[in-house]
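Colleague: This is the structure I have questions about; it appears just below.
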Protein chains: 2
Amino acid sequence: MNETHTLPSTLRVSVACFRWNGAALETIVQTDGTLPSTLSERDESLDTTATRILGDIFPEPAAYVEQLYTFSHVHCDIRETLVTYIALFAPDVRGSVEWCKPNGLALRDATVLDYAVVRLRAKLEYTSIVFHLMPPVFTIAELQSAYEAILDERLDKRNFRRRMTTSGMLIETGEKRREGPHRPAALYRFSGRADRSSYLTPVSIISEETPA
Amino acid sequence: MNETHTLPSTLRVSVACFRWNGAALETIVQTDGTLPSTLSERDESLDTTATRILGDIFPEPAAYVEQLYTFSHVHCDIRETLVTYIALFAPDVRGSVEWCKPNGLALRDATVLDYAVVRLRAKLEYTSIVFHLMPPVFTIAELQSAYEAILDERLDKRNFRRRMTTSGMLIETGEKRREGPHRPAALYRFSGRADRSSYLTPVSIISEETPA
DNA sequence: TCAAAAGTGTTCCTTCTACACCCATGT
DNA sequence: ACATGGGTGTAGAAGGAACACTTTTGA
C-alpha cells in the first residue's frame, strides 16, 4: 500500500550501456526488458546515481559516461522523471550481466536506446568517442569494424584508413599482431589528441563548482 | 522553518531565452541575476513547467523550445536538480520582461547560458534553427546578421548568400523592401524544408507515447 | 601455392574560401 | 551626383567518394 503522506514525484536514472564485442554493438537489457536503472536517492547527484547503477554491475568504472536526455511524463497525477545516460565499455569489460543485441526492450526504454544510438552515431562523426569502445591497442581494421557496427553501414577501407591516419588521433605503436594466414596488422593506440568526445557536453558542472 | 517531514529533493526548471533584436543576440536575466525558473510541480511534466515559466512572461508561445541539459548537485545532503531549456523568440516578441545582453548572471546560470549558446551555435551549422529567431519574412542581409550575432563572427556576404539560396530552406516571396537610399532587398521566408532543428532531440517522447 | 586479410594511390567531383565590382535607390 | 547597402562570379584549395591491385603471412 502507499504510504500516508503525499506521494513524491519519482526521479529515476537509466543507463544505456554499449560495448563493441569485436563484431557488433551490444547493450545490456535486464530480464524485464528495461535498461539498468534505479531511483535516485535524495542525497546523491544524478551523476552519482548513474555511477551507482554501473557499480552494481561492473567492477571497473565505465570508459565513458555522458548524460543523454531527461524524459518526464505524468502518471496518476504524479510526474515521473527519467534522467538517462550513455556509458561506453571496452570489449573485454567484465561484469555480472549479459550483453545482447540492442532490441527487445520495453517501449519507453526502446525510445531511450534508439536515441542513445542516434547520439552515438552523430558523435562518431565529429568526436573521438569511439576510442572508449576500443581496447588499449587495436588495428585499423578493428577500428573500422567498430565504426561499421555502430553506423550499421559498410565503409571504404582505403578512405577509412586515410581519415584515421590523418586525423591525428592514432599513434602507431610499432608493434604488429600476427594472427592468421595473412600479413600481420600494425597496432595503434589512441593519441588522446583531438578528443572532442565531450564536446557539446557541459564541463562537469555544478557539483564541482560549488566551493567548500 | 522547515516542515517536519523529510525535506524533498528539489526539481527546478530554468529557461535560457533568446531573441535576435535586429543587431545582437539577447536573453532574459532576472533582477537577481538568474534565468527565469520555477520549481516543478509534482503533477506536471518538465516540458509543462518550462511552458509555464514562459507563459508567465510572454503572452504568446515561444517559437521554439528544446531541452538543454539536466544539472544536479548536492547541498546540505539534499540533491538539487536543475532541468534547463532553450527557448527562441522572434524579434518582435512582446512580454513583460526586459531583454539584455547575455552577461551578468550568477555563476550557475552563467554556466547554463554559456552552454546554451554553445548548443545554439552548433545547431546553426547543421539545422535550420535560426529561422525560429526570424520574423515571417526577412532579407538575406538580416539572416546573415542573425548568424553573425549568434556566432560572434563576421561572415562573407557572397558565400553566405550562396549557402542559404542553395540550401533549399529559403523561399523568395517576390516582394521587396524599400527602406533607404539604396537598392531594395528581396524578402524571403522559411520554406519549412530541411528543418532539422529538432534533429538529435528525441521525438516528443514519453508524455505522448503513454496510451490512454 | 593458395587463401586470407593488410596495406597502398589516383581521379573525380563537390564543397569551401577568398576576393572586388556593379546595381538600384533616396536625398 | 553621391552615398548607401543590395546583389553578383570565379578561381583555387581542400576534402570526400569511388575504385583494384600488391604484400605478407600460415597452412
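Simple scheme: letters A, B, ... for chains in C-alpha cells order, numbers from 1 for residues in each chain, numbers from 1 for ligands in the order shown.
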As a ChimeraX atom specification, please: the residues near Leu46 in chain B (cut-off 10 Å, only C-alpha atoms (C1' of nucleotides), same-chain neighbours under 4 positions excluded).
Modeller: /A:70-74,79-81 /B:11-13,39-42,50-52,67,83-85
Colleague: Write a file of the just-selected residues containing C-alpha atoms, as a PDB file, in the first residue's frame.
Modeller:
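Output file out_27.pdb is given in full below:
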ATOM      1  CA  THR A  70      15.740  13.816 -19.322  1.00  0.00           C
ATOM      2  CA  PHE A  71      12.324  12.395 -20.027  1.00  0.00           C
ATOM      3  CA  SER A  72       9.263  13.046 -17.956  1.00  0.00           C
ATOM      4  CA  HIS A  73       5.649  12.109 -18.040  1.00  0.00           C
ATOM      5  CA  VAL A  74       2.697  12.371 -15.731  1.00  0.00           C
ATOM      6  CA  ARG A  79       5.341  13.204 -12.536  1.00  0.00           C
ATOM      7  CA  GLU A  80       7.852  10.510 -13.288  1.00  0.00           C
ATOM      8  CA  THR A  81      11.212  11.823 -14.349  1.00  0.00           C
TER       9      THR A  81
ATOM     10  CA  LEU B  11      13.416  19.797  -9.064  1.00  0.00           C
ATOM     11  CA  ARG B  12      13.763  23.163 -10.709  1.00  0.00           C
ATOM     12  CA  VAL B  13      13.357  24.161 -14.349  1.00  0.00           C
ATOM     13  CA  LEU B  39      10.179  24.661  -9.037  1.00  0.00           C
ATOM     14  CA  SER B  40       8.408  21.960 -10.980  1.00  0.00           C
ATOM     15  CA  GLU B  41       5.090  20.930  -9.517  1.00  0.00           C
ATOM     16  CA  ARG B  42       4.719  17.270  -8.665  1.00  0.00           C
ATOM     17  CA  ALA B  50       9.064  25.160 -18.947  1.00  0.00           C
ATOM     18  CA  THR B  51       5.922  26.235 -20.766  1.00  0.00           C
ATOM     19  CA  ARG B  52       4.521  27.605 -17.525  1.00  0.00           C
ATOM     20  CA  GLN B  67      15.608  20.772 -23.513  1.00  0.00           C
ATOM     21  CA  VAL B  83      16.482  20.871 -15.799  1.00  0.00           C
ATOM     22  CA  THR B  84      17.313  23.552 -18.340  1.00  0.00           C
ATOM     23  CA  TYR B  85      15.677  24.546 -21.598  1.00  0.00           C
TER      24      TYR B  85
END
Colleague: Find the residues near range 10-18 of chain C: any atom within 12 Å, counting only C-alpha atoms (C1' of nucleotides), skip ones fewer than 6 places away on the same chain, and give them as a ChimeraX atom specification.
Modeller: /A:158 /B:155-160,162-163,166 /D:10-20
Colleague: If DSSP is run on the backbone, what residues of range 5-138 of chain A are strand (DSSP E or B)? A reply as an NGL selection string would be ideal.
Modeller: :A and (10-20 or 25-27 or 37-39 or 64-75 or 78-89 or 100 or 138)
Colleague: Report as a Markdown table: every residue of chain C with an atom at most 6 Å from chain A, its closest pair of atoms, and their distance in Å to one decimal, counting only C-alpha atoms (C1' of nucleotides), with rows sorted by chain and ascending residue number.
Modeller:
| residue | atom | partner | partner_atom | distance |
| --- | --- | --- | --- | --- |
| C:DA4 | C1' | A:His182 | CA | 5.6 |
| C:DA5 | C1' | A:His182 | CA | 5.6 |
| C:DA6 | C1' | A:Arg183 | CA | 5.6 |
Colleague: What does the file look like for those residues with N, CA and C atoms (P, O5', C5', C4', C3', O3' and C1' of nucleotides), as a compact mmCIF listing (two decimals), in the first residue's frame?
Modeller:
# COMPACT_ATOMS: atom_id res chain seq x y z
P DA C 4 39.79 -18.20 -47.89
O5' DA C 4 40.15 -17.31 -46.62
C5' DA C 4 41.31 -17.56 -45.83
C4' DA C 4 41.90 -16.26 -45.34
C3' DA C 4 40.98 -15.04 -45.51
O3' DA C 4 40.93 -14.31 -44.31
C1' DA C 4 43.11 -14.58 -46.39
P DA C 5 39.63 -13.38 -43.99
O5' DA C 5 40.29 -11.98 -43.65
C5' DA C 5 41.07 -11.87 -42.48
C4' DA C 5 42.25 -10.96 -42.74
C3' DA C 5 41.87 -9.48 -42.87
O3' DA C 5 42.66 -8.74 -41.96
C1' DA C 5 43.35 -10.16 -44.58
P DA C 6 42.84 -7.20 -41.93
O5' DA C 6 44.28 -7.09 -42.60
C5' DA C 6 45.42 -7.45 -41.84
C4' DA C 6 46.66 -6.75 -42.41
C3' DA C 6 46.59 -5.23 -42.36
O3' DA C 6 47.87 -4.74 -42.02
C1' DA C 6 46.71 -5.98 -44.63
Colleague: Would you return as a list in words the members of range 126-205 of chain B that DSSP assigns to alpha helix (DSSP H) on this structure's backbone?
Modeller: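 Secondary structure check on range 126-205 of chain B, alpha helix (DSSP H): Tyr126, Ile140, Ala141, Glu142, Leu143, Gln144, Ser145, Ala146, Tyr147, Glu148, Ala149, Ile150, Leu151, Lys157, Arg158, Asn159, Phe160, Arg161, Arg162, Arg163, Met164, Thr165, Thr166, Ser167 and Ile205 of chain B.
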Colleague: So that I have them on file, write out the residues from the current selection with C-alpha atoms, as a PDB file, in the first residue's frame.
Modeller:
ATOM      1  CA  TYR B 126      23.553  21.720 -39.242  1.00  0.00           C
ATOM      2  CA  ILE B 140      19.218  37.700 -46.571  1.00  0.00           C
ATOM      3  CA  ALA B 141      21.205  40.517 -45.007  1.00  0.00           C
ATOM      4  CA  GLU B 142      19.036  40.232 -41.898  1.00  0.00           C
ATOM      5  CA  LEU B 143      19.528  36.496 -41.815  1.00  0.00           C
ATOM      6  CA  GLN B 144      23.265  36.981 -42.085  1.00  0.00           C
ATOM      7  CA  SER B 145      23.146  39.500 -39.277  1.00  0.00           C
ATOM      8  CA  ALA B 146      21.407  36.937 -37.061  1.00  0.00           C
ATOM      9  CA  TYR B 147      24.071  34.340 -37.853  1.00  0.00           C
ATOM     10  CA  GLU B 148      26.815  36.822 -37.092  1.00  0.00           C
ATOM     11  CA  ALA B 149      25.194  37.840 -33.816  1.00  0.00           C
ATOM     12  CA  ILE B 150      24.966  34.236 -32.672  1.00  0.00           C
ATOM     13  CA  LEU B 151      28.371  33.147 -33.891  1.00  0.00           C
ATOM     14  CA  LYS B 157      28.326  38.098 -47.854  1.00  0.00           C
ATOM     15  CA  ARG B 158      28.568  36.195 -51.130  1.00  0.00           C
ATOM     16  CA  ASN B 159      29.363  32.859 -49.583  1.00  0.00           C
ATOM     17  CA  PHE B 160      26.589  33.279 -47.058  1.00  0.00           C
ATOM     18  CA  ARG B 161      24.058  34.142 -49.704  1.00  0.00           C
ATOM     19  CA  ARG B 162      25.055  31.149 -51.788  1.00  0.00           C
ATOM     20  CA  ARG B 163      24.872  28.792 -48.841  1.00  0.00           C
ATOM     21  CA  MET B 164      21.390  29.993 -47.994  1.00  0.00           C
ATOM     22  CA  THR B 165      19.983  30.058 -51.502  1.00  0.00           C
ATOM     23  CA  THR B 166      21.299  26.580 -52.300  1.00  0.00           C
ATOM     24  CA  SER B 167      20.155  25.088 -49.007  1.00  0.00           C
ATOM     25  CA  ILE B 205       8.753  11.420 -26.003  1.00  0.00           C
TER      26      ILE B 205
END
Colleague: Distance limit 10 Å, atoms considered: only C-alpha atoms (C1' of nucleotides). Which chain D residues sit that close to chain B? Return them as a PDB file with N, CA and C atoms (P, O5', C5', C4', C3', O3' and C1' of nucleotides), in the first residue's frame.
Modeller:
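Contents of part_8.pdb, freshly written:
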ATOM      1  P    DA D   3      29.888  60.815 -51.556  1.00  0.00           P
ATOM      2  O5'  DA D   3      29.197  60.148 -50.279  1.00  0.00           O
ATOM      3  C5'  DA D   3      27.996  60.735 -49.816  1.00  0.00           C
ATOM      4  C4'  DA D   3      26.989  59.662 -49.448  1.00  0.00           C
ATOM      5  C3'  DA D   3      27.607  58.398 -48.844  1.00  0.00           C
ATOM      6  O3'  DA D   3      26.805  58.052 -47.724  1.00  0.00           O
ATOM      7  C1'  DA D   3      26.178  57.815 -50.616  1.00  0.00           C
ATOM      8  P    DT D   4      27.349  57.011 -46.645  1.00  0.00           P
ATOM      9  O5'  DT D   4      26.306  55.818 -46.744  1.00  0.00           O
ATOM     10  C5'  DT D   4      24.912  56.078 -46.728  1.00  0.00           C
ATOM     11  C4'  DT D   4      24.183  54.856 -47.227  1.00  0.00           C
ATOM     12  C3'  DT D   4      24.834  53.534 -46.811  1.00  0.00           C
ATOM     13  O3'  DT D   4      23.941  52.815 -45.983  1.00  0.00           O
ATOM     14  C1'  DT D   4      24.180  53.523 -49.104  1.00  0.00           C
ATOM     15  P    DG D   5      24.497  51.811 -44.812  1.00  0.00           P
ATOM     16  O5'  DG D   5      24.220  50.394 -45.486  1.00  0.00           O
ATOM     17  C5'  DG D   5      22.891  49.936 -45.423  1.00  0.00           C
ATOM     18  C4'  DG D   5      22.506  49.253 -46.704  1.00  0.00           C
ATOM     19  C3'  DG D   5      22.918  47.773 -46.759  1.00  0.00           C
ATOM     20  O3'  DG D   5      21.780  47.012 -47.094  1.00  0.00           O
ATOM     21  C1'  DG D   5      23.519  48.873 -48.734  1.00  0.00           C
ATOM     22  P    DG D   6      21.747  45.504 -47.405  1.00  0.00           P
ATOM     23  O5'  DG D   6      21.476  45.556 -48.986  1.00  0.00           O
ATOM     24  C5'  DG D   6      20.195  45.949 -49.444  1.00  0.00           C
ATOM     25  C4'  DG D   6      19.987  45.474 -50.872  1.00  0.00           C
ATOM     26  C3'  DG D   6      20.095  43.967 -51.059  1.00  0.00           C
ATOM     27  O3'  DG D   6      19.136  43.558 -52.038  1.00  0.00           O
ATOM     28  C1'  DG D   6      21.840  45.031 -52.257  1.00  0.00           C
ATOM     29  P    DG D   7      18.946  41.967 -52.254  1.00  0.00           P
ATOM     30  O5'  DG D   7      20.073  41.632 -53.319  1.00  0.00           O
ATOM     31  C5'  DG D   7      19.851  42.002 -54.684  1.00  0.00           C
ATOM     32  C4'  DG D   7      21.119  41.777 -55.465  1.00  0.00           C
ATOM     33  C3'  DG D   7      21.588  40.323 -55.549  1.00  0.00           C
ATOM     34  O3'  DG D   7      21.327  39.845 -56.858  1.00  0.00           O
ATOM     35  C1'  DG D   7      23.388  41.866 -55.276  1.00  0.00           C
ATOM     36  P    DT D   8      21.560  38.309 -57.187  1.00  0.00           P
ATOM     37  O5'  DT D   8      23.009  38.270 -57.853  1.00  0.00           O
ATOM     38  C5'  DT D   8      23.191  38.870 -59.139  1.00  0.00           C
ATOM     39  C4'  DT D   8      24.658  38.947 -59.465  1.00  0.00           C
ATOM     40  C3'  DT D   8      25.366  37.602 -59.627  1.00  0.00           C
ATOM     41  O3'  DT D   8      25.943  37.569 -60.913  1.00  0.00           O
ATOM     42  C1'  DT D   8      26.644  39.081 -58.310  1.00  0.00           C
ATOM     43  P    DG D   9      26.033  36.221 -61.730  1.00  0.00           P
ATOM     44  O5'  DG D   9      27.604  35.912 -61.715  1.00  0.00           O
ATOM     45  C5'  DG D   9      28.518  36.857 -62.257  1.00  0.00           C
ATOM     46  C4'  DG D   9      29.927  36.359 -62.027  1.00  0.00           C
ATOM     47  C3'  DG D   9      30.177  34.903 -62.432  1.00  0.00           C
ATOM     48  O3'  DG D   9      31.295  34.893 -63.320  1.00  0.00           O
ATOM     49  C1'  DG D   9      31.013  35.308 -60.261  1.00  0.00           C
TER      50       DG D   9
END
Colleague: What's the 9 Å shell around Leu170 in chain B, counting only C-alpha atoms (C1' of nucleotides), without same-chain residues fewer than 5 positions away, as a PDB file with N, CA and C atoms, in the first residue's frame?
Modeller:
ATOM      1  N   MET B 164      22.814  29.929 -48.320  1.00  0.00           N
ATOM      2  CA  MET B 164      21.390  29.993 -47.994  1.00  0.00           C
ATOM      3  C   MET B 164      20.526  29.663 -49.207  1.00  0.00           C
ATOM      4  N   THR B 165      20.860  30.259 -50.346  1.00  0.00           N
ATOM      5  CA  THR B 165      19.983  30.058 -51.502  1.00  0.00           C
ATOM      6  C   THR B 165      20.084  28.631 -52.049  1.00  0.00           C
ATOM      7  N   TYR B 188      12.428  37.047 -48.160  1.00  0.00           N
ATOM      8  CA  TYR B 188      12.331  35.592 -48.181  1.00  0.00           C
ATOM      9  C   TYR B 188      11.522  35.132 -46.984  1.00  0.00           C
ATOM     10  N   ARG B 189      11.027  33.900 -47.102  1.00  0.00           N
ATOM     11  CA  ARG B 189      10.515  33.246 -45.907  1.00  0.00           C
ATOM     12  C   ARG B 189      11.122  31.853 -45.826  1.00  0.00           C
ATOM     13  N   PHE B 190      10.942  31.245 -44.695  1.00  0.00           N
ATOM     14  CA  PHE B 190      11.485  29.926 -44.450  1.00  0.00           C
ATOM     15  C   PHE B 190      10.606  28.888 -45.143  1.00  0.00           C
ATOM     16  N   SER B 191      11.226  27.978 -45.871  1.00  0.00           N
ATOM     17  CA  SER B 191      10.451  27.002 -46.640  1.00  0.00           C
ATOM     18  C   SER B 191       9.868  25.908 -45.767  1.00  0.00           C
ATOM     19  N   GLY B 192      10.445  25.703 -44.580  1.00  0.00           N
ATOM     20  CA  GLY B 192      10.000  24.574 -43.777  1.00  0.00           C
ATOM     21  C   GLY B 192      10.660  23.286 -44.193  1.00  0.00           C
ATOM     22  N   ARG B 193      11.273  23.257 -45.386  1.00  0.00           N
ATOM     23  CA  ARG B 193      12.023  22.074 -45.795  1.00  0.00           C
ATOM     24  C   ARG B 193      13.341  22.034 -45.037  1.00  0.00           C
TER      25      ARG B 193
END
Colleague: So how many Å separate CA of Asn21 in chain A and CA of Pro91 in chain A, to one decimal?
Modeller: 5.0 Å
Colleague: Taking only C-alpha atoms into account, which of B:Met134, B:Leu113, B:Leu120, B:Ile78 comes nearest Glu44 in chain A?
Modeller: B:Ile78
Colleague: Using only C-alpha atoms, pick whichever of A:Leu105, A:Met169, A:Cys76, A:Cys17 has the shortest atom-to-atom distance to chain B.
Modeller: A:Cys76
